[in-house]
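Here's the structure, in structure tokens; my notes come after.
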Amino acid sequence: MDNEMIEFDIGLGGREGDDDFVEIEHPVEDEEMVDSPLIGSASGSVNGVGFSGGSGEIYLPEGDLLDLEPYDGMEFESEEAAKAFYNSYARRVGFSTRVSSSRRSRRDGAIIQRQFVCAKEGFRNLNEKRTKDREIKRPRTITRVGCKASLSVKMQDSGKWVVSGFVKEHNHELVPPDQVHCLRSHRQISGSAKTLIDTLQAAGMGPRRIMSALIKEYGGISKVGFTEVDCRNYMRNNRQRSLDGDIQMLLDYLRQMQADNQNFFYAVQGNEDQAMGNVIWADPKAKMNYNYFGDTVMFDTTYRSNRYRLPFAPITGINHHGQPVLFGCAFLINESEASFVWLFKTWLMAMSGRPPLSITTDYDPMIQSAIMQVFPQTRHRFCKWHIFKKCQEKLSHVFLQHPNFEADFHKCVNLTESIEEFESCWLSLVDRYDLRDHEWLQMVYSARRQWVPVNLRDTFFAEMSVTQRSDSMNSYFDGYVNASTNLSQFFKLYEKALESRNEKEVKADFDTMNTSPVLKTPSPMEKQASEFYTKKIFMRFQEELVGTLTFTASKGDDDGEFISYQVAKFGEDHKAYYVKLNVLEMIANCSCQMFEFSGLLCRHVLAVFRVTNVLTLPPHYILKRWTRNAKSNVILEERPSDVYTNYLESHTVRYNTLRHQAFKFVDGAKSSETYDLALDALKEAATKVAHAIKNDGRNVKLNGHIRGNLVGGGSRANYTIGDHDESSGQNLSEDDMDKRIREITNELECANRKCEVYRANLLSLLKDIEDHKLQLSIKMSGGRQRTLGGGGQHVLDYLKRMQAENPAFFYAVQSDSDHSGGNIFWADATARLNYNYFKDAVIFDSTYRKNCYRVPFASFIGINHHGQPVLFGCALILNESESSFIWLFQTWLQAMSGRHPVSITTDPDRLIQVAVAQVLPHTRHRFCKSSIFRETKEKLGGLYTSHSTFETEFKKCINESETIYDFESQWHSLLQRYYIMDNEWLQSMYNARQQWVPVYMKDTFFGDFAVNEGSGSLTLFFDGYVTETTTIQILLKQYEKAVVSWHEKELKADYDTTNTMPILKTPSPMEKQAANLYTRRMFKKFQEELVETLANPATKIDDRGTVATYRVAKFGEDHKAHAVNFISSEAKASCSCQMFEYSGIICRHILAVFRAKNVLTLPSPYILKRWTRNAKSGAVLDEHSSDLPSNSRESITVRYNNLRQEAIKYVEEGAKSIHIYNVAMNALQEASKKVASMKNQGSGTMHGSSLANGGSQEMQAIEENQTAVFQSVDEKEKKIRELSAELDNTNQRCEVYRANLLAVLRDMEEQKLKLSVKVQSARLSLKE
């Protein structure tokens, strides 16, 4: 042994670095079953013990040696052969090997003895110098357990190696065959595998896809011989080596960029000449972008997952279009903690030292530590996508064994709504899959506050949803820089990516500015948002706004300043959100915290705004970074006064603010000392409000022009009287005034006489015209009776034939046995069947009487479930007496089985009116409005010609009056304005107003879709088939054509309804319900009403326990409010517009109340079967002060309740408009001052007040005496003004009568001329 020395190899054995093998270095010193980075060099050091390359061959046992166990004396050709044999044996048995010790010759230093041991041999030395002086951040699992298994070999003089010792037994469990490929000594990347990896990496494939290809190529992972982490390490080392010659190229590029633009920033960590540190740069545009969008930042180190070939890390943000925007780039050569600290500090300096609100990075302890040092106030989030990806790697066995694990994990992380829910779900998850002790899972759980969404939603991250699944951060350069990109290609692709992103932003700016988004609702808030937000952000906001239609907001606690609401989706009350609203400041906080997280209001807050009638977005909820002006200096914030005014546009805001102040007043005035004064002050304030309401109403009637007060310092104002230049008042003496009064009186008398002459002539002329028309009508009626002639028998033959073919065909003739001169009626089987379904509203079409038809043909018509005309019967009217019409209606009713309709519409004819009254006494009779409009134009032709605006004003008066009072007021105003108060036609129509003016008819069903639509012409069914040229012979053919045509139209409408699904405009359950119930056309009408609810807020104004009253008005049209009474217990409502009673379709006002009361489906009483798809089937759709005791005023509770009751009344009145609100608020403040003053006053003060009041009364008496001196002069001035005004009115009325008279005479001359020409032409034709 003298010539030998012993050498111990404490570390990892393996193949001695040849070109075709790579020895695996395990960073976890002893751990065998953990994936580890790969040192992919062909030579190097293993735990400090050197090894060098050999022959390049793989030494494997041959033949029978494959199945042998080692034994003493066993020979090998070389040391490598012995090592390969023992390693092969270890693979078969299930353990890993390493070289433990060696012995060298003293003569030449050659190794003459080796000992190969089990990798679990010995124990870890915890006192090693390399670990003793530094903190261990990631403690490694102890795997050495003192195993004695080993193989010793020594070299013989012959050069062969012989086994000198073998220990077979192990003191630990062995690894099963399907896992031995994970042991270190059996993980080797062969030359062919390296070639394949290099090829696939150059093609841009990542390590996962490469491993999949290798597994497929070799026939299983156990035959590949290494793990995915080994592959990743090899790829990383390749990339690291390739950078050595390229860094200088990067620095040259950055120097050139800075030379071109001095604002270009770059920095190198360490010595720039050595170029071995990290590099960071940011161009001027990146620095400018940070000024606008630097609230949230993403640090993208995707290159570490081998997606990039280069160690390239961009720093990005999100712009106002939701697009990625660049804030800087870095090349990370060194990934130590100190390097990351330098990187973040340098970048922050380039961004003017302003840290972001939040930053998102990969999950990495070194990056985390660096951010804590550089950005201590910035919220740090780990990329969720990166953690999910790691989860797939670390828990791959769980993913394979349990296919549902991924979905459960995703649900636990993304879909939990609260921290408590997440914690419960997480514990359930790890218990269900037995992962409570999994080290990696425990590690990410301990960091949950930095990646689980529910823990992060109180911070802004510019994402559109708290729970959305975040994608990888490498979105800016995705598609440009990939795994195959080298540095020489990088610069061009980098600049191309910048140019492309800039073009996309410019295009998004253009689209936002030049295209108007499609609005889905009439909501003022949606319109406002479309004008503020960029296109993409508006679409996201619109989604939330429309989503409110499926959410109910139920009011909870209300302390006057804060109101709590519970908001839940229809049918999902268990998933409620909680919104707290500060009414005075219009600040709302939701438990989902979407606004804090994304900068956009959530549907829950918007639902609360909807029920509280906040119809525009408060400015503090419009983040400038999401608006069109995000990159400009335009300031969105409105002036405080404008903001306040906009808030006051909401009746709810006015009501709540005023109520808040009123209750404060009540609380401060309920003591016995101040009660009486407070009550009087509140009543005085109420008087001021009532006066303001009266004036406000008068101002509205004056078309918005408010009369100002006449202000003067003791002097009288001058008044201009009509067209006269003289001024009344101080310019005239009393004698001159008397003279002026006499002159004006004489002028007035003359004007009245002249006006009466014009009026009498006009009335006389109009009466002559009416008499002439009546005589002509009688002659034409008699002529018409004679013209039917032999055609009557033709009709009777047809009817008899039809009845013979179908006994259900009905006809009747009013005459004697010859059937030659009476009226005829018929109704086929379909008409009688249709009446069963749609008998509620009937129209009697007697258009022939207006000479539209040549034949005296009339029809009974209804409206079917598609809104189409449907026939109930026909008649030939040869006799127009009262008895004939009575017979006709009786016969028709008999054919319809005697069932009366709800309503009937006819022409305004006295004979028909009498017949309807006798035969259908319980049916509501309406005159056709279009017939009245047409006759009015005939009767007042001169007025229509001379005053072009009369027709518009007349129709507006009829159609747009909301109440009877409005109609009456507008009617009388119209007649006075055009001086037609004495017109007999208009007077007769006014007397019959309850049978044709819509405002009187809206309590009865007529099948129209709106009260003020206008009934239109009655020629519905046969329009286009029967005309003024149709003879009796042609009539029956045209009749059949019309019947067939309308039947086909109904079938087509049925088909369209059944086979096409209408487009829903909202996610409302009510809209979906209506789409399934109504026919297509009816649904569109209902949909129109439903969508309009977003612009019609409902405000509660009274609550009597069982019945609550709501005020519903369109945004900005409070003067056109409707009142809705709602019975909550029965979900019943009635509206002042009475649209449901009139048309059978529920109005937007009731729907707005339903929305406010969270009624999200239509109650069955509001679904008329006659408008549904099943209309023609058998399916069935589904406090008095006098009552108080004498000592009640002494009770603080009674005083408080009395004051509070008065205050509530006061608030309801004071909130009616902004003007009234301001008056009410000022009056309330004055009342508060009075109460406060009384509290501070003593008895002496009160006495002094009495004296002061007495003195005030004396002064008032003196002023009254002074005023009396001027009383006679004032009366004369007033008289002059009144007479002058009356004179002007009379002259104007006289001029109107004169103009109308001239117009009628002119029309008569024109008619005479036309008639003369026609008569002359007729004479010539007769001569010919």
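Here's how to read the names in the structure tokens: chain A, B, ... by the order shown, residue numbers from 1 in each chain, ligand numbers from 1 in the order shown.
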Exercise for the section: Give me the residues within 12 Å of Ala1133 in chain A as a PyMOL selection string, counting only C-alpha atoms and dropping any in the same chain fewer than 3 places off. Expected result: chain A and resi 1106-1110+1123-1130+1136-1141+1146-1154+1157+1159+1162-1163+1165-1166
Residues within 6 Å of range 592-600 of chain A, only C-alpha atoms, excluding chain neighbours under 4 positions, as a short mmCIF file (atom, residue, chain, number, x, y, z; two decimals) with N, CA and C atoms, in the first residue's frame:
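What landed in result-v6.cif:
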```cif
data_model
loop_
_atom_site.label_atom_id
_atom_site.label_comp_id
_atom_site.auth_asym_id
_atom_site.auth_seq_id
_atom_site.Cartn_x
_atom_site.Cartn_y
_atom_site.Cartn_z
N ARG A 457 -59.17 42.13 -4.80
CA ARG A 457 -60.13 42.99 -5.49
C ARG A 457 -60.30 44.37 -4.89
N ASP A 458 -59.59 44.69 -3.82
CA ASP A 458 -59.65 46.05 -3.29
C ASP A 458 -58.60 46.96 -3.92
N THR A 459 -57.88 46.45 -4.93
CA THR A 459 -56.81 47.21 -5.58
C THR A 459 -57.03 47.24 -7.08
N PHE A 460 -56.64 48.35 -7.71
CA PHE A 460 -56.85 48.52 -9.16
C PHE A 460 -55.81 47.73 -9.95
N PHE A 461 -56.28 46.84 -10.84
CA PHE A 461 -55.40 46.07 -11.72
C PHE A 461 -55.81 46.21 -13.19
N ALA A 462 -56.81 47.05 -13.47
CA ALA A 462 -57.25 47.34 -14.86
C ALA A 462 -57.78 46.11 -15.57
N GLU A 463 -58.28 45.16 -14.83
CA GLU A 463 -58.94 44.01 -15.45
C GLU A 463 -60.44 44.20 -15.37
N MET A 464 -61.15 43.64 -16.36
CA MET A 464 -62.57 43.93 -16.50
C MET A 464 -63.45 43.11 -15.57
#
```
Exercise for the section: Determine which residues of range 345-519 of chain A receive a DSSP assignment of helix (DSSP H, G or I), computed from the backbone, and state them as a PyMOL selection string. Expected result: chain A and resi 345-350+365-374+384-394+396-401+405-414+419-432+439-446+448-450+453-455+487-514
Handout entry: A:Ala1098, A:Met1061, A:Ala313, A:Ala82 ranked by distance to Phe1083 in chain A, top pick (using only C-alpha atoms)
Key = A:Met1061
Problem - Atom-to-atom span, CA of Leu254 in chain A and CA of Asp478 in chain A, Å - result: 22.1 Å
Exercise for the section: Identify, on the basis of only C-alpha atoms, every residue whose closest approach to Thr548 in chain A does not exceed 7 Å; exclude the query and any residue fewer than 5 positions from it along the same chain; express the result as JSON, numbers by chain. Expected result: {"A": [603, 604, 606, 607]}
Practice task
Name the closest residue to His380 in chain A among the candidates A:Lys683, A:Arg449, A:His794, A:Arg106; distances are taken between atoms, counting only C-alpha atoms.
Solution key: A:Arg449
Handout entry: strand (DSSP E or B) call set, DSSP backbone run, range 920-1143 of chain A, as a PyMOL selection string
Key = chain A and resi 924-927+1078+1098-1103+1107-1112+1122-1127+1132-1135
Practice task
Name the closest residue to Asn502 in chain A among the candidates A:Thr945, A:Gln868, A:Thr378, A:Gln323; distances are taken between atoms, counting only C-alpha atoms.
Solution key: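 Nearest candidate to Asn502 in chain A out of A:Thr945, A:Gln868, A:Thr378, A:Gln323: A:Gln323.
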Handout entry: Contact residues around range 1034-1043 of chain A with only C-alpha atoms at 9 Å, ignoring same-chain residues under 3 positions, as a PyMOL selection string
Key = chain A and resi 795+798+855+857+870-871+1021-1026+1030-1031+1046-1048
Take the residues from that selection and write them out as a compact mmCIF listing (two decimals), in the first residue's frame, keeping N, CA and C atoms.
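Done, and the output landed in result-v1.txt:
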```
# COMPACT_ATOMS: atom_id res chain seq x y z
N VAL A 795 -125.95 38.60 -55.75
CA VAL A 795 -125.39 38.43 -54.40
C VAL A 795 -126.14 37.34 -53.65
N TYR A 798 -125.20 33.89 -54.69
CA TYR A 798 -123.88 33.55 -54.15
C TYR A 798 -123.99 33.11 -52.69
N VAL A 855 -120.03 50.56 -54.46
CA VAL A 855 -121.06 49.66 -53.93
C VAL A 855 -121.25 49.97 -52.45
N PHE A 857 -121.03 48.82 -49.57
CA PHE A 857 -120.49 47.62 -48.93
C PHE A 857 -119.89 48.00 -47.58
N VAL A 870 -109.13 41.20 -38.96
CA VAL A 870 -109.77 39.90 -39.12
C VAL A 870 -111.27 40.16 -39.31
N LEU A 871 -111.89 39.42 -40.20
CA LEU A 871 -113.27 39.69 -40.62
C LEU A 871 -114.28 39.02 -39.69
N PHE A 1021 -109.60 45.88 -43.72
CA PHE A 1021 -109.58 44.53 -44.29
C PHE A 1021 -109.62 44.54 -45.82
N PHE A 1022 -110.46 45.39 -46.41
CA PHE A 1022 -110.66 45.36 -47.86
C PHE A 1022 -109.91 46.48 -48.59
N ASP A 1023 -109.01 47.15 -47.87
CA ASP A 1023 -108.24 48.21 -48.51
C ASP A 1023 -107.38 47.62 -49.63
N GLY A 1024 -107.56 48.16 -50.86
CA GLY A 1024 -106.83 47.64 -52.00
C GLY A 1024 -107.59 46.58 -52.77
N TYR A 1025 -108.68 46.10 -52.22
CA TYR A 1025 -109.50 45.09 -52.89
C TYR A 1025 -110.83 45.68 -53.40
N VAL A 1026 -111.49 46.45 -52.56
CA VAL A 1026 -112.74 47.10 -52.95
C VAL A 1026 -112.47 48.60 -53.08
N THR A 1030 -115.25 49.40 -58.07
CA THR A 1030 -115.69 48.01 -57.94
C THR A 1030 -117.21 47.90 -58.10
N THR A 1031 -117.65 47.08 -59.05
CA THR A 1031 -119.09 46.85 -59.26
C THR A 1031 -119.55 45.69 -58.40
N TRP A 1046 -105.69 37.63 -46.44
CA TRP A 1046 -105.47 37.87 -45.01
C TRP A 1046 -105.27 36.55 -44.26
N HIS A 1047 -105.91 35.51 -44.73
CA HIS A 1047 -105.69 34.21 -44.10
C HIS A 1047 -104.25 33.74 -44.29
N GLU A 1048 -103.71 33.97 -45.49
CA GLU A 1048 -102.31 33.61 -45.75
C GLU A 1048 -101.36 34.45 -44.90
```
Exercise for the section: Could you tell me which of A:Gly219, A:Pro311, A:Phe340, A:Tyr476 comes closest to Met298 in chain A if we count only C-alpha atoms? Expected result: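 So, comparing all the options, the nearest one is A:Tyr476.
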Exercise for the section: Counting only C-alpha atoms, figure out which residue out of A:Phe1005, A:Phe299, A:Tyr1297, A:Phe490 gets nearest to Ala760 in chain A. Expected result: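 For Ala760 in chain A, the nearest of the candidates is A:Tyr1297.
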Handout entry: Met1001 in chain A surroundings by only C-alpha atoms, 9 Å radius, close-in-sequence under 6 positions cut, as a PyMOL selection string
Key = chain A and resi 924+926+994-995+1011+1142
Handout entry: Interatomic distance (Å, one decimal) between CA of His186 in chain A and CA of Met155 in chain A
Key =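 These atoms are spaced 25.1 Å apart.
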Exercise for the section: Using only C-alpha atoms, pick whichever of A:Tyr218, A:Tyr811, A:Tyr655, A:Tyr290 has the shortest atom-to-atom distance to Leu876 in chain A. Expected result: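 Between A:Tyr218, A:Tyr811, A:Tyr655, A:Tyr290, the residue approaching Leu876 in chain A most closely is A:Tyr811.
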Exercise for the section: Mind checking which residues fall within 12 Å of Ala662 in chain A, counting only C-alpha atoms, ignoring those fewer than 4 positions away in the same chain, and posting them as a PyMOL selection string? Expected result: chain A and resi 560+654-658+666-669+678-679+681-682+685-686+1203-1212+1214-1215+1224-1232
Problem - Residues near range 745-753 of chain A, cut-off 9 Å, only C-alpha atoms, skip fewer than 4 positions along chain, as a list in words - result: Arg740, Ile741, Val757, Tyr758, Leu1283, Ser1284, Glu1286, Leu1287, Asp1288, Thr1290, Asn1291 and Cys1294 of chain A
Given the selection you just returned, output its residues as a file containing N, CA, C and O atoms, formatted as a tab-separated table (two decimals), in the first residue's frame.
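Final file, part.tsv:
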```tsv
chain	number	residue	atom	x	y	z
A	740	ARG	N	-107.91	109.75	-22.39
A	740	ARG	CA	-107.39	108.56	-23.07
A	740	ARG	C	-108.32	107.36	-22.87
A	740	ARG	O	-108.54	106.56	-23.78
A	741	ILE	N	-108.91	107.27	-21.68
A	741	ILE	CA	-109.83	106.16	-21.39
A	741	ILE	C	-111.04	106.26	-22.31
A	741	ILE	O	-111.50	105.24	-22.87
A	757	VAL	N	-119.97	91.78	-37.44
A	757	VAL	CA	-120.43	91.69	-38.83
A	757	VAL	C	-119.67	90.58	-39.56
A	757	VAL	O	-120.27	89.75	-40.25
A	758	TYR	N	-118.37	90.59	-39.45
A	758	TYR	CA	-117.56	89.54	-40.10
A	758	TYR	C	-117.98	88.15	-39.61
A	758	TYR	O	-118.11	87.20	-40.38
A	1283	LEU	N	-108.07	98.31	-21.01
A	1283	LEU	CA	-108.81	98.66	-22.22
A	1283	LEU	C	-107.94	98.49	-23.46
A	1283	LEU	O	-108.41	98.02	-24.51
A	1284	SER	N	-106.67	98.87	-23.36
A	1284	SER	CA	-105.77	98.76	-24.51
A	1284	SER	C	-105.55	97.29	-24.89
A	1284	SER	O	-105.55	96.92	-26.06
A	1286	GLU	N	-107.66	94.83	-24.31
A	1286	GLU	CA	-108.89	94.31	-24.88
A	1286	GLU	C	-109.08	94.77	-26.31
A	1286	GLU	O	-109.54	94.02	-27.17
A	1287	LEU	N	-108.68	96.01	-26.60
A	1287	LEU	CA	-108.77	96.54	-27.96
A	1287	LEU	C	-107.87	95.75	-28.90
A	1287	LEU	O	-108.28	95.39	-30.02
A	1288	ASP	N	-106.68	95.47	-28.47
A	1288	ASP	CA	-105.76	94.68	-29.30
A	1288	ASP	C	-106.33	93.30	-29.59
A	1288	ASP	O	-106.29	92.81	-30.72
A	1290	THR	N	-109.48	92.37	-29.63
A	1290	THR	CA	-110.65	92.47	-30.52
A	1290	THR	C	-110.21	92.69	-31.95
A	1290	THR	O	-110.76	92.08	-32.89
A	1291	ASN	N	-109.24	93.56	-32.17
A	1291	ASN	CA	-108.73	93.80	-33.52
A	1291	ASN	C	-108.16	92.51	-34.13
A	1291	ASN	O	-108.35	92.22	-35.31
A	1294	CYS	N	-111.04	90.17	-35.04
A	1294	CYS	CA	-111.71	90.69	-36.22
A	1294	CYS	C	-110.95	90.33	-37.48
A	1294	CYS	O	-111.52	89.94	-38.49
```
Practice task
Could you jot down the CA of Glu439 in chain A to CA of Ala90 in chain A separation for me, Å, one decimal place?
Solution key: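 Atom-to-atom, CA of Glu439 in chain A to CA of Ala90 in chain A, that is 28.4 Å.
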